[in-house]
$ cat work-v1.txt   # compact mmCIF, C-alpha atoms
# COMPACT_ATOMS: atom_id res chain seq x y z
CA MET A 1 0.00 0.00 0.00
CA ARG A 2 1.35 3.42 -0.93
CA LEU A 3 0.53 6.90 0.28
CA LEU A 4 1.69 10.05 -1.51
CA LEU A 5 2.88 13.05 0.45
CA PHE A 6 2.89 16.23 -1.64
CA GLY A 7 5.14 18.87 -0.15
CA ARG A 8 8.20 21.06 -0.44
CA ASP A 9 11.79 20.63 0.74
CA TYR A 10 11.73 23.84 2.77
CA CYS A 11 8.31 23.26 4.37
CA HIS A 12 8.48 22.50 8.10
CA LEU A 13 4.88 21.23 8.13
CA CYS A 14 5.85 18.78 5.39
CA HIS A 15 8.77 17.50 7.47
CA ASP A 16 6.48 17.24 10.50
CA MET A 17 3.89 15.22 8.58
CA LEU A 18 6.55 12.87 7.22
CA ALA A 19 7.89 12.31 10.75
CA ALA A 20 4.36 11.65 12.03
CA LEU A 21 3.79 9.15 9.21
CA GLU A 22 7.03 7.37 10.10
CA THR A 23 5.83 7.14 13.72
CA LEU A 24 2.44 5.84 12.57
CA ARG A 25 4.14 3.26 10.37
CA GLY A 26 5.89 1.87 13.45
CA GLU A 27 2.72 1.44 15.51
CA PRO A 28 1.56 -2.10 16.27
CA GLY A 29 -1.57 -3.08 14.36
CA VAL A 30 -1.05 -0.53 11.58
CA PRO A 31 -0.80 -2.27 8.20
CA HIS A 32 2.46 -1.78 6.31
CA PHE A 33 2.48 1.16 3.92
CA GLU A 34 5.01 2.98 1.78
CA ILE A 35 5.36 6.75 1.67
CA GLU A 36 6.27 8.47 -1.58
CA VAL A 37 7.27 12.10 -1.12
CA VAL A 38 6.52 14.29 -4.14
CA ASP A 39 7.98 17.80 -4.47
CA VAL A 40 5.18 20.01 -5.81
CA ASP A 41 7.69 22.62 -6.96
CA ALA A 42 9.10 20.14 -9.49
CA ASP A 43 5.84 20.07 -11.46
CA PRO A 44 3.89 23.23 -12.40
CA ALA A 45 0.57 21.33 -12.45
CA LEU A 46 1.13 19.98 -8.92
CA GLU A 47 2.29 23.38 -7.71
CA ALA A 48 -0.90 24.97 -9.07
CA LYS A 49 -3.07 22.25 -7.53
CA TYR A 50 -1.51 22.00 -4.05
CA ASP A 51 0.39 25.29 -3.68
CA GLU A 52 -0.78 26.60 -0.29
CA LEU A 53 -2.27 23.29 0.91
CA VAL A 54 1.02 21.44 1.42
CA PRO A 55 1.62 19.08 2.94
CA VAL A 56 -1.16 17.01 1.37
CA LEU A 57 -1.44 13.26 1.98
CA VAL A 58 -3.35 11.23 -0.60
CA ASP A 59 -4.06 7.54 -1.03
CA GLY A 60 -3.08 5.45 -4.05
CA GLU A 61 -6.24 6.55 -5.87
CA GLY A 62 -5.46 10.25 -5.42
CA CYS A 63 -8.09 10.81 -2.73
CA GLU A 64 -7.00 13.39 -0.14
CA LEU A 65 -6.68 12.01 3.39
CA CYS A 66 -5.46 15.19 5.08
CA HIS A 67 -3.45 18.36 4.61
CA TYR A 68 -1.36 20.68 6.83
CA PHE A 69 -1.29 18.14 9.70
CA LEU A 70 -1.54 14.36 9.85
CA ASP A 71 -5.02 13.13 10.75
CA ALA A 72 -3.71 9.89 12.26
CA ALA A 73 -7.17 8.53 13.06
CA LYS A 74 -8.35 9.01 9.48
CA VAL A 75 -5.18 7.44 8.06
CA ARG A 76 -5.44 4.46 10.46
CA GLU A 77 -9.07 3.99 9.42
CA TYR A 78 -8.15 4.13 5.74
CA LEU A 79 -5.26 1.67 6.15
CA ASN A 80 -7.41 -0.82 8.02
CA LYS A 81 -10.14 -0.72 5.35
CA VAL A 82 -7.83 -1.44 2.43

$ encode --input "work-v1.txt" --output "structure tokens"
Amino acid sequence: MRLLLFGRDYCHLCHDMLAALETLRGEPGVPHFEIEVVDVDADPALEAKYDELVPVLVDGEGCELCHYFLDAAKVREYLNKV
């Protein structure tokens, strides 16, 4: 299972969400998942779409799970459904 984290290198909220995801990944009972970090500044279309919303976490289908801060409960729920 793969989650996409759209963010920026210089974004402290993006770094915080990635750290929170790493913590979540280590929790017992949480299904294994991969995190792919995508730099929105590398793609004009992504920058236009996510500009001020970063960080944005989406599932493999492109459905937004949360932005700005990790909604751990929502992500746990999603991971346990899949």

$ closest_residue --input "work-v1.txt" --among "A:Val54, A:Val37, A:Leu4, A:Ala45" --to "His67 of chain A" --atoms "all atoms listed in the file"
A:Val54

$ closest_residue --input "work-v1.txt" --among "A:Val40, A:Ala48, A:Leu65, A:Ile35" --to "Arg2 of chain A" --atoms "only C-alpha atoms"
A:Ile35

$ atom_distance --input "work-v1.txt" --atom1 "atom CA of Glu61 of chain A" --atom2 "atom CA of Met1 of chain A"
10.8 Å

$ atom_distance --input "work-v1.txt" --atom1 "atom CA of Cys11 of chain A" --atom2 "atom CA of Pro55 of chain A"
8.0 Å

$ atom_distance --input "work-v1.txt" --atom1 "atom CA of Asp39 of chain A" --atom2 "atom CA of Ala73 of chain A"
25.0 Å

$ residues_around --input "work-v1.txt" --residues "His15 of chain A" --least-positions-apart "4" --cutoff "12 Å" --atoms "all atoms listed in the file" --output "mmCIF file with C-alpha atoms, in the frame of the given file"
data_model
loop_
_atom_site.group_PDB
_atom_site.id
_atom_site.type_symbol
_atom_site.label_atom_id
_atom_site.label_comp_id
_atom_site.auth_asym_id
_atom_site.auth_seq_id
_atom_site.Cartn_x
_atom_site.Cartn_y
_atom_site.Cartn_z
ATOM 1 C CA LEU A 5 2.880 13.050 0.450
ATOM 2 C CA PHE A 6 2.890 16.230 -1.640
ATOM 3 C CA GLY A 7 5.140 18.870 -0.150
ATOM 4 C CA ARG A 8 8.200 21.060 -0.440
ATOM 5 C CA ASP A 9 11.790 20.630 0.740
ATOM 6 C CA TYR A 10 11.730 23.840 2.770
ATOM 7 C CA CYS A 11 8.310 23.260 4.370
ATOM 8 C CA ALA A 19 7.890 12.310 10.750
ATOM 9 C CA ALA A 20 4.360 11.650 12.030
ATOM 10 C CA LEU A 21 3.790 9.150 9.210
ATOM 11 C CA GLU A 22 7.030 7.370 10.100
ATOM 12 C CA VAL A 37 7.270 12.100 -1.120
ATOM 13 C CA ASP A 39 7.980 17.800 -4.470
ATOM 14 C CA VAL A 54 1.020 21.440 1.420
ATOM 15 C CA PRO A 55 1.620 19.080 2.940
ATOM 16 C CA VAL A 56 -1.160 17.010 1.370
ATOM 17 C CA TYR A 68 -1.360 20.680 6.830
ATOM 18 C CA PHE A 69 -1.290 18.140 9.700
ATOM 19 C CA LEU A 70 -1.540 14.360 9.850
#

$ residues_near_point --input "work-v1.txt" --point "(-5.6, 5.0, -2.4)" --cutoff "12 Å" --atoms "all atoms listed in the file" --output "CSV table (one decimal) with C-alpha atoms, in the coordinates of the input"
chain,number,residue,atom,x,y,z
A,1,MET,CA,0.0,0.0,0.0
A,2,ARG,CA,1.4,3.4,-0.9
A,3,LEU,CA,0.5,6.9,0.3
A,4,LEU,CA,1.7,10.0,-1.5
A,33,PHE,CA,2.5,1.2,3.9
A,34,GLU,CA,5.0,3.0,1.8
A,35,ILE,CA,5.4,6.8,1.7
A,57,LEU,CA,-1.4,13.3,2.0
A,58,VAL,CA,-3.4,11.2,-0.6
A,59,ASP,CA,-4.1,7.5,-1.0
A,60,GLY,CA,-3.1,5.4,-4.0
A,61,GLU,CA,-6.2,6.6,-5.9
A,62,GLY,CA,-5.5,10.2,-5.4
A,63,CYS,CA,-8.1,10.8,-2.7
A,64,GLU,CA,-7.0,13.4,-0.1
A,65,LEU,CA,-6.7,12.0,3.4
A,75,VAL,CA,-5.2,7.4,8.1
A,78,TYR,CA,-8.2,4.1,5.7
A,79,LEU,CA,-5.3,1.7,6.2
A,81,LYS,CA,-10.1,-0.7,5.4
A,82,VAL,CA,-7.8,-1.4,2.4

$ residues_around --input "work-v1.txt" --residues "Arg76 of chain A" --least-positions-apart "4" --cutoff "8 Å" --atoms "all atoms listed in the file" --output "list of chain:residue names"
A:Val30, A:Ala72, A:Asn80

$ closest_residue --input "work-v1.txt" --among "A:His12, A:Glu77, A:Cys66, A:Asp41" --to "Leu53 of chain A" --atoms "all atoms listed in the file"
A:Cys66
